[in-house]
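Next comes target-v4.pdb, a file with PDB, N, CA and C atoms.
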```
ATOM      1  N   MET A   1      69.538 -90.173 -16.752
ATOM      2  CA  MET A   1      70.234 -90.256 -15.475
ATOM      3  C   MET A   1      69.755 -89.107 -14.593
ATOM      4  N   ALA A   2      69.367 -89.420 -13.394
ATOM      5  CA  ALA A   2      68.826 -88.424 -12.485
ATOM      6  C   ALA A   2      69.953 -87.576 -11.914
ATOM      7  N   ASN A   3      69.646 -86.329 -11.653
ATOM      8  CA  ASN A   3      70.612 -85.412 -11.075
ATOM      9  C   ASN A   3      70.352 -85.337  -9.566
ATOM     10  N   HIS A   4      71.297 -85.815  -8.795
ATOM     11  CA  HIS A   4      71.168 -85.799  -7.339
ATOM     12  C   HIS A   4      72.190 -84.811  -6.795
ATOM     13  N   ASP A   5      71.699 -83.790  -6.162
ATOM     14  CA  ASP A   5      72.593 -82.801  -5.575
ATOM     15  C   ASP A   5      72.998 -83.245  -4.177
ATOM     16  N   ILE A   6      74.279 -83.487  -4.008
ATOM     17  CA  ILE A   6      74.815 -83.864  -2.703
ATOM     18  C   ILE A   6      75.695 -82.711  -2.253
ATOM     19  N   PRO A   7      75.442 -82.217  -1.065
ATOM     20  CA  PRO A   7      76.266 -81.102  -0.574
ATOM     21  C   PRO A   7      77.742 -81.484  -0.515
ATOM     22  N   VAL A   8      78.585 -80.546  -0.880
ATOM     23  CA  VAL A   8      80.024 -80.768  -0.894
ATOM     24  C   VAL A   8      80.523 -81.197   0.483
ATOM     25  N   GLU A   9      79.965 -80.619   1.533
ATOM     26  CA  GLU A   9      80.392 -80.980   2.889
ATOM     27  C   GLU A   9      80.134 -82.462   3.169
ATOM     28  N   GLU A  10      78.982 -82.944   2.698
ATOM     29  CA  GLU A  10      78.635 -84.348   2.914
ATOM     30  C   GLU A  10      79.581 -85.259   2.140
ATOM     31  N   ILE A  11      79.919 -84.881   0.944
ATOM     32  CA  ILE A  11      80.875 -85.672   0.152
ATOM     33  C   ILE A  11      82.214 -85.715   0.871
ATOM     34  N   GLY A  12      82.637 -84.576   1.384
ATOM     35  CA  GLY A  12      83.904 -84.522   2.118
ATOM     36  C   GLY A  12      83.892 -85.426   3.338
ATOM     37  N   GLN A  13      82.765 -85.447   4.067
ATOM     38  CA  GLN A  13      82.651 -86.308   5.249
ATOM     39  C   GLN A  13      82.698 -87.780   4.858
ATOM     40  N   LEU A  14      82.023 -88.128   3.761
ATOM     41  CA  LEU A  14      82.028 -89.518   3.304
ATOM     42  C   LEU A  14      83.428 -89.953   2.892
ATOM     43  N   VAL A  15      84.114 -89.082   2.176
ATOM     44  CA  VAL A  15      85.480 -89.401   1.757
ATOM     45  C   VAL A  15      86.369 -89.592   2.986
ATOM     46  N   GLN A  16      86.218 -88.749   3.982
ATOM     47  CA  GLN A  16      87.006 -88.869   5.208
ATOM     48  C   GLN A  16      86.682 -90.180   5.927
ATOM     49  N   GLN A  17      85.404 -90.542   5.997
ATOM     50  CA  GLN A  17      85.006 -91.786   6.659
ATOM     51  C   GLN A  17      85.563 -92.999   5.919
ATOM     52  N   PHE A  18      85.493 -92.970   4.581
ATOM     53  CA  PHE A  18      86.074 -94.075   3.815
ATOM     54  C   PHE A  18      87.569 -94.175   4.072
ATOM     55  N   GLY A  19      88.229 -93.036   4.133
ATOM     56  CA  GLY A  19      89.663 -93.038   4.420
ATOM     57  C   GLY A  19      89.971 -93.659   5.764
ATOM     58  N   GLU A  20      89.161 -93.338   6.760
ATOM     59  CA  GLU A  20      89.357 -93.911   8.095
ATOM     60  C   GLU A  20      89.134 -95.415   8.092
ATOM     61  N   VAL A  21      88.103 -95.858   7.383
ATOM     62  CA  VAL A  21      87.817 -97.304   7.297
ATOM     63  C   VAL A  21      88.978 -98.018   6.627
ATOM     64  N   PHE A  22      89.457 -97.487   5.510
ATOM     65  CA  PHE A  22      90.563 -98.139   4.806
ATOM     66  C   PHE A  22      91.852 -98.107   5.617
ATOM     67  N   ALA A  23      92.057 -97.079   6.406
ATOM     68  CA  ALA A  23      93.233 -97.026   7.272
ATOM     69  C   ALA A  23      93.184 -98.139   8.311
ATOM     70  N   VAL A  24      92.016 -98.344   8.902
ATOM     71  CA  VAL A  24      91.849 -99.420   9.883
ATOM     72  C   VAL A  24      92.051-100.771   9.209
ATOM     73  N   LEU A  25      91.449-100.945   8.040
ATOM     74  CA  LEU A  25      91.618-102.207   7.319
ATOM     75  C   LEU A  25      93.084-102.443   6.977
ATOM     76  N   GLY A  26      93.766-101.401   6.587
ATOM     77  CA  GLY A  26      95.182-101.522   6.259
ATOM     78  C   GLY A  26      96.017-101.964   7.446
ATOM     79  N   ASP A  27      95.599-101.607   8.637
ATOM     80  CA  ASP A  27      96.310-102.023   9.845
ATOM     81  C   ASP A  27      95.906-103.422  10.295
ATOM     82  N   LYS A  28      94.627-103.720  10.232
ATOM     83  CA  LYS A  28      94.100-104.960  10.819
ATOM     84  C   LYS A  28      94.215-106.169   9.899
ATOM     85  N   VAL A  29      93.945-106.002   8.619
ATOM     86  CA  VAL A  29      93.914-107.149   7.706
ATOM     87  C   VAL A  29      95.266-107.841   7.599
ATOM     88  N   PRO A  30      96.374-107.129   7.405
ATOM     89  CA  PRO A  30      97.655-107.846   7.346
ATOM     90  C   PRO A  30      97.955-108.649   8.610
ATOM     91  N   ALA A  31      97.647-108.091   9.765
ATOM     92  CA  ALA A  31      97.877-108.826  11.013
ATOM     93  C   ALA A  31      96.991-110.068  11.083
ATOM     94  N   LEU A  32      95.758-109.933  10.657
ATOM     95  CA  LEU A  32      94.849-111.075  10.639
ATOM     96  C   LEU A  32      95.366-112.166   9.706
ATOM     97  N   LEU A  33      95.802-111.783   8.527
ATOM     98  CA  LEU A  33      96.336-112.768   7.571
ATOM     99  C   LEU A  33      97.587-113.450   8.118
ATOM    100  N   ARG A  34      98.465-112.679   8.754
ATOM    101  CA  ARG A  34      99.661-113.287   9.348
ATOM    102  C   ARG A  34      99.274-114.304  10.415
ATOM    103  N   GLY A  35      98.259-113.975  11.205
ATOM    104  CA  GLY A  35      97.801-114.911  12.226
ATOM    105  C   GLY A  35      97.259-116.197  11.627
ATOM    106  N   VAL A  36      96.478-116.076  10.577
ATOM    107  CA  VAL A  36      95.923-117.264   9.904
ATOM    108  C   VAL A  36      97.045-118.098   9.305
ATOM    109  N   ILE A  37      97.995-117.440   8.653
ATOM    110  CA  ILE A  37      99.118-118.158   8.046
ATOM    111  C   ILE A  37      99.924-118.886   9.119
ATOM    112  N   ASP A  38     100.171-118.214  10.240
ATOM    113  CA  ASP A  38     100.914-118.853  11.329
ATOM    114  C   ASP A  38     100.199-120.092  11.841
ATOM    115  N   ILE A  39      98.879-120.035  11.912
ATOM    116  CA  ILE A  39      98.100-121.183  12.378
ATOM    117  C   ILE A  39      98.159-122.320  11.362
ATOM    118  N   LEU A  40      97.951-121.989  10.088
ATOM    119  CA  LEU A  40      97.892-123.022   9.054
ATOM    120  C   LEU A  40      99.244-123.667   8.777
ATOM    121  N   TYR A  41     100.324-122.911   8.950
ATOM    122  CA  TYR A  41     101.629-123.414   8.548
ATOM    123  C   TYR A  41     102.572-123.645   9.718
ATOM    124  N   SER A  42     102.025-123.825  10.881
ATOM    125  CA  SER A  42     102.855-124.157  12.034
ATOM    126  C   SER A  42     103.287-125.618  11.925
ATOM    127  N   PRO A  43     104.357-125.986  12.608
ATOM    128  CA  PRO A  43     104.761-127.398  12.601
ATOM    129  C   PRO A  43     103.645-128.320  13.102
ATOM    130  N   GLU A  44     102.894-127.868  14.092
ATOM    131  CA  GLU A  44     101.803-128.692  14.612
ATOM    132  C   GLU A  44     100.729-128.903  13.539
ATOM    133  N   ALA A  45     100.405-127.834  12.823
ATOM    134  CA  ALA A  45      99.402-127.947  11.763
ATOM    135  C   ALA A  45      99.898-128.895  10.675
ATOM    136  N   GLY A  46     101.169-128.798  10.340
ATOM    137  CA  GLY A  46     101.736-129.695   9.326
ATOM    138  C   GLY A  46     101.635-131.153   9.740
ATOM    139  N   ARG A  47     101.925-131.403  11.015
ATOM    140  CA  ARG A  47     101.807-132.786  11.510
ATOM    141  C   ARG A  47     100.364-133.277  11.439
ATOM    142  N   ARG A  48      99.442-132.417  11.860
ATOM    143  CA  ARG A  48      98.022-132.812  11.839
ATOM    144  C   ARG A  48      97.539-133.052  10.409
ATOM    145  N   ILE A  49      97.949-132.200   9.491
ATOM    146  CA  ILE A  49      97.542-132.370   8.093
ATOM    147  C   ILE A  49      98.124-133.664   7.534
ATOM    148  N   GLY A  50      99.400-133.916   7.833
ATOM    149  CA  GLY A  50     100.038-135.156   7.372
ATOM    150  C   GLY A  50      99.364-136.385   7.949
ATOM    151  N   GLN A  51      99.058-136.338   9.238
ATOM    152  CA  GLN A  51      98.384-137.467   9.874
ATOM    153  C   GLN A  51      96.993-137.671   9.282
ATOM    154  N   SER A  52      96.301-136.582   9.035
ATOM    155  CA  SER A  52      94.960-136.663   8.473
ATOM    156  C   SER A  52      94.990-137.250   7.068
ATOM    157  N   ALA A  53      95.915-136.770   6.239
ATOM    158  CA  ALA A  53      96.024-137.287   4.869
ATOM    159  C   ALA A  53      96.431-138.757   4.882
ATOM    160  N   GLY A  54      97.361-139.105   5.771
ATOM    161  CA  GLY A  54      97.784-140.505   5.878
ATOM    162  C   GLY A  54      96.650-141.407   6.333
ATOM    163  N   ALA A  55      95.891-140.953   7.310
ATOM    164  CA  ALA A  55      94.756-141.740   7.797
ATOM    165  C   ALA A  55      93.696-141.889   6.706
ATOM    166  N   PHE A  56      93.482-140.815   5.939
ATOM    167  CA  PHE A  56      92.515-140.869   4.844
ATOM    168  C   PHE A  56      92.943-141.907   3.813
ATOM    169  N   TYR A  57      94.214-141.861   3.419
ATOM    170  CA  TYR A  57      94.743-142.830   2.453
ATOM    171  C   TYR A  57      94.628-144.256   2.996
ATOM    172  N   LYS A  58      94.995-144.440   4.249
ATOM    173  CA  LYS A  58      94.943-145.771   4.859
ATOM    174  C   LYS A  58      93.518-146.313   4.870
ATOM    175  N   GLU A  59      92.561-145.464   5.256
ATOM    176  CA  GLU A  59      91.160-145.892   5.274
ATOM    177  C   GLU A  59      90.694-146.309   3.872
ATOM    178  N   LEU A  60      91.106-145.552   2.880
ATOM    179  CA  LEU A  60      90.708-145.877   1.506
ATOM    180  C   LEU A  60      91.279-147.227   1.071
ATOM    181  N   THR A  61      92.579-147.441   1.322
ATOM    182  CA  THR A  61      93.180-148.709   0.897
ATOM    183  C   THR A  61      92.626-149.888   1.693
ATOM    184  N   GLU A  62      92.365-149.678   2.979
ATOM    185  CA  GLU A  62      91.785-150.753   3.788
ATOM    186  C   GLU A  62      90.356-151.066   3.353
ATOM    187  N   ALA A  63      89.696-150.106   2.741
ATOM    188  CA  ALA A  63      88.337-150.329   2.246
ATOM    189  C   ALA A  63      88.342-150.967   0.852
ATOM    190  N   GLY A  64      89.539-151.247   0.330
ATOM    191  CA  GLY A  64      89.630-151.930  -0.948
ATOM    192  C   GLY A  64      89.853-151.023  -2.153
ATOM    193  N   ILE A  65      90.059-149.749  -1.924
ATOM    194  CA  ILE A  65      90.345-148.835  -3.027
ATOM    195  C   ILE A  65      91.781-149.116  -3.486
ATOM    196  N   PRO A  66      92.006-149.257  -4.799
ATOM    197  CA  PRO A  66      93.374-149.492  -5.285
ATOM    198  C   PRO A  66      94.307-148.352  -4.853
ATOM    199  N   PRO A  67      95.553-148.698  -4.512
ATOM    200  CA  PRO A  67      96.478-147.677  -4.014
ATOM    201  C   PRO A  67      96.638-146.451  -4.919
ATOM    202  N   ASP A  68      96.674-146.643  -6.234
ATOM    203  CA  ASP A  68      96.839-145.491  -7.120
ATOM    204  C   ASP A  68      95.616-144.565  -7.061
ATOM    205  N   ARG A  69      94.434-145.159  -6.957
ATOM    206  CA  ARG A  69      93.214-144.341  -6.840
ATOM    207  C   ARG A  69      93.145-143.686  -5.457
ATOM    208  N   ALA A  70      93.556-144.403  -4.419
ATOM    209  CA  ALA A  70      93.577-143.833  -3.065
ATOM    210  C   ALA A  70      94.530-142.641  -3.009
ATOM    211  N   LEU A  71      95.660-142.735  -3.714
ATOM    212  CA  LEU A  71      96.601-141.626  -3.756
ATOM    213  C   LEU A  71      95.975-140.420  -4.449
ATOM    214  N   GLN A  72      95.267-140.655  -5.551
ATOM    215  CA  GLN A  72      94.578-139.559  -6.244
ATOM    216  C   GLN A  72      93.561-138.886  -5.331
ATOM    217  N   LEU A  73      92.814-139.687  -4.598
ATOM    218  CA  LEU A  73      91.817-139.134  -3.689
ATOM    219  C   LEU A  73      92.467-138.378  -2.531
ATOM    220  N   ALA A  74      93.586-138.898  -2.034
ATOM    221  CA  ALA A  74      94.301-138.201  -0.963
ATOM    222  C   ALA A  74      94.857-136.870  -1.467
ATOM    223  N   GLU A  75      95.336-136.845  -2.702
ATOM    224  CA  GLU A  75      95.816-135.589  -3.282
ATOM    225  C   GLU A  75      94.667-134.595  -3.436
ATOM    226  N   ALA A  76      93.505-135.093  -3.854
ATOM    227  CA  ALA A  76      92.340-134.215  -3.972
ATOM    228  C   ALA A  76      91.919-133.694  -2.600
ATOM    229  N   TYR A  77      92.091-134.525  -1.583
ATOM    230  CA  TYR A  77      91.779-134.143  -0.206
ATOM    231  C   TYR A  77      92.644-132.968   0.238
ATOM    232  N   LEU A  78      93.892-132.940  -0.228
ATOM    233  CA  LEU A  78      94.827-131.885   0.140
ATOM    234  C   LEU A  78      94.780-130.675  -0.795
ATOM    235  N   ALA A  79      94.066-130.775  -1.905
ATOM    236  CA  ALA A  79      94.044-129.705  -2.909
ATOM    237  C   ALA A  79      93.652-128.339  -2.342
ATOM    238  N   PRO A  80      92.636-128.250  -1.488
ATOM    239  CA  PRO A  80      92.302-126.909  -0.957
ATOM    240  C   PRO A  80      93.458-126.264  -0.197
ATOM    241  N   LEU A  81      94.245-127.053   0.519
ATOM    242  CA  LEU A  81      95.393-126.495   1.232
ATOM    243  C   LEU A  81      96.469-126.034   0.254
ATOM    244  N   ARG A  82      96.670-126.786  -0.807
ATOM    245  CA  ARG A  82      97.632-126.363  -1.826
ATOM    246  C   ARG A  82      97.191-125.055  -2.460
ATOM    247  N   MET A  83      95.902-124.946  -2.748
ATOM    248  CA  MET A  83      95.394-123.735  -3.361
ATOM    249  C   MET A  83      95.609-122.550  -2.420
ATOM    250  N   LEU A  84      95.303-122.733  -1.159
ATOM    251  CA  LEU A  84      95.499-121.674  -0.181
ATOM    252  C   LEU A  84      96.978-121.307  -0.092
ATOM    253  N   ASN A  85      97.836-122.301  -0.082
ATOM    254  CA  ASN A  85      99.273-122.068  -0.005
ATOM    255  C   ASN A  85      99.765-121.258  -1.200
ATOM    256  N   SER A  86      99.229-121.517  -2.375
ATOM    257  CA  SER A  86      99.670-120.788  -3.569
ATOM    258  C   SER A  86      99.197-119.329  -3.536
ATOM    259  N   MET A  87      98.198-119.028  -2.739
ATOM    260  CA  MET A  87      97.676-117.670  -2.658
ATOM    261  C   MET A  87      98.401-116.839  -1.604
ATOM    262  N   VAL A  88      99.158-117.478  -0.752
ATOM    263  CA  VAL A  88      99.854-116.804   0.338
ATOM    264  C   VAL A  88     101.206-116.308  -0.163
ATOM    265  N   PRO A  89     101.558-115.062   0.101
ATOM    266  CA  PRO A  89     102.885-114.582  -0.292
ATOM    267  C   PRO A  89     103.969-115.479   0.289
ATOM    268  N   GLY A  90     104.845-115.943  -0.566
ATOM    269  CA  GLY A  90     105.914-116.834  -0.129
ATOM    270  C   GLY A  90     105.509-118.290  -0.117
ATOM    271  N   GLY A  91     104.243-118.589  -0.408
ATOM    272  CA  GLY A  91     103.774-119.965  -0.445
ATOM    273  C   GLY A  91     104.266-120.667  -1.700
ATOM    274  N   GLN A  92     104.282-121.966  -1.656
ATOM    275  CA  GLN A  92     104.727-122.754  -2.793
ATOM    276  C   GLN A  92     103.525-123.325  -3.508
ATOM    277  N   GLN A  93     103.681-123.504  -4.807
ATOM    278  CA  GLN A  93     102.579-124.060  -5.586
ATOM    279  C   GLN A  93     102.732-125.534  -5.787
TER     280      GLN A  93
END
```
Structure translated into structure tokens:
Amino acid sequence: MANHDIPVEEIGQLVQQFGEVFAVLGDKVPALLRGVIDILYSPEAGRRIGQSAGAFYKELTEAGIPPDRALQLAEAYLAPLRMLNSMVPGGQQ
């Protein structure tokens, strides 16, 4: 393992810079996540998701897919949203 001498002052500056970056992230990331959650889980978003899933199911059954298989496919269509919901604090699984 090579020995790299880094001046103590430089280490101190790096630690301070990392602290500043993490402080900004600590302020900005929660607000960003709240904004995304508000968008995804608004009543309007719920209506659009429901309409989209219903239209998907309808298209499948009209194309001759058996209803039980169309339901499975519609559930798979919604799976990414369920996964996201389970990752959100207060979300349901």
Identify all residues of chain A in helix (DSSP H, G or I) (DSSP on the backbone) and supply them as a PyMOL selection string. chain A and resi 8-40+43-62+67-87
Draw an axis-aligned box tight on the listed atoms of stretch 42-53 of chain A, then pad every side by 6 Å and write out centre and edge lengths in Å to one decimal as AutoDock Vina command-line options.
```
--center_x 99.9 --center_y -131.3 --center_z 9.7 --size_x 21.8 --size_y 26.9 --size_z 21.7
```
Around the point (97.2, -144.8, 4.4), in the coordinates given by the file, pick out the residues reaching within 12 Å, counting only C-alpha atoms, and return them as a PyMOL selection string. chain A and resi 50-71+73-74
May I ask for the distance between atom CA of A:Val21 and atom CA of A:Glu9, given in Å to one decimal place?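 These two atoms are separated by 18.5 Å.
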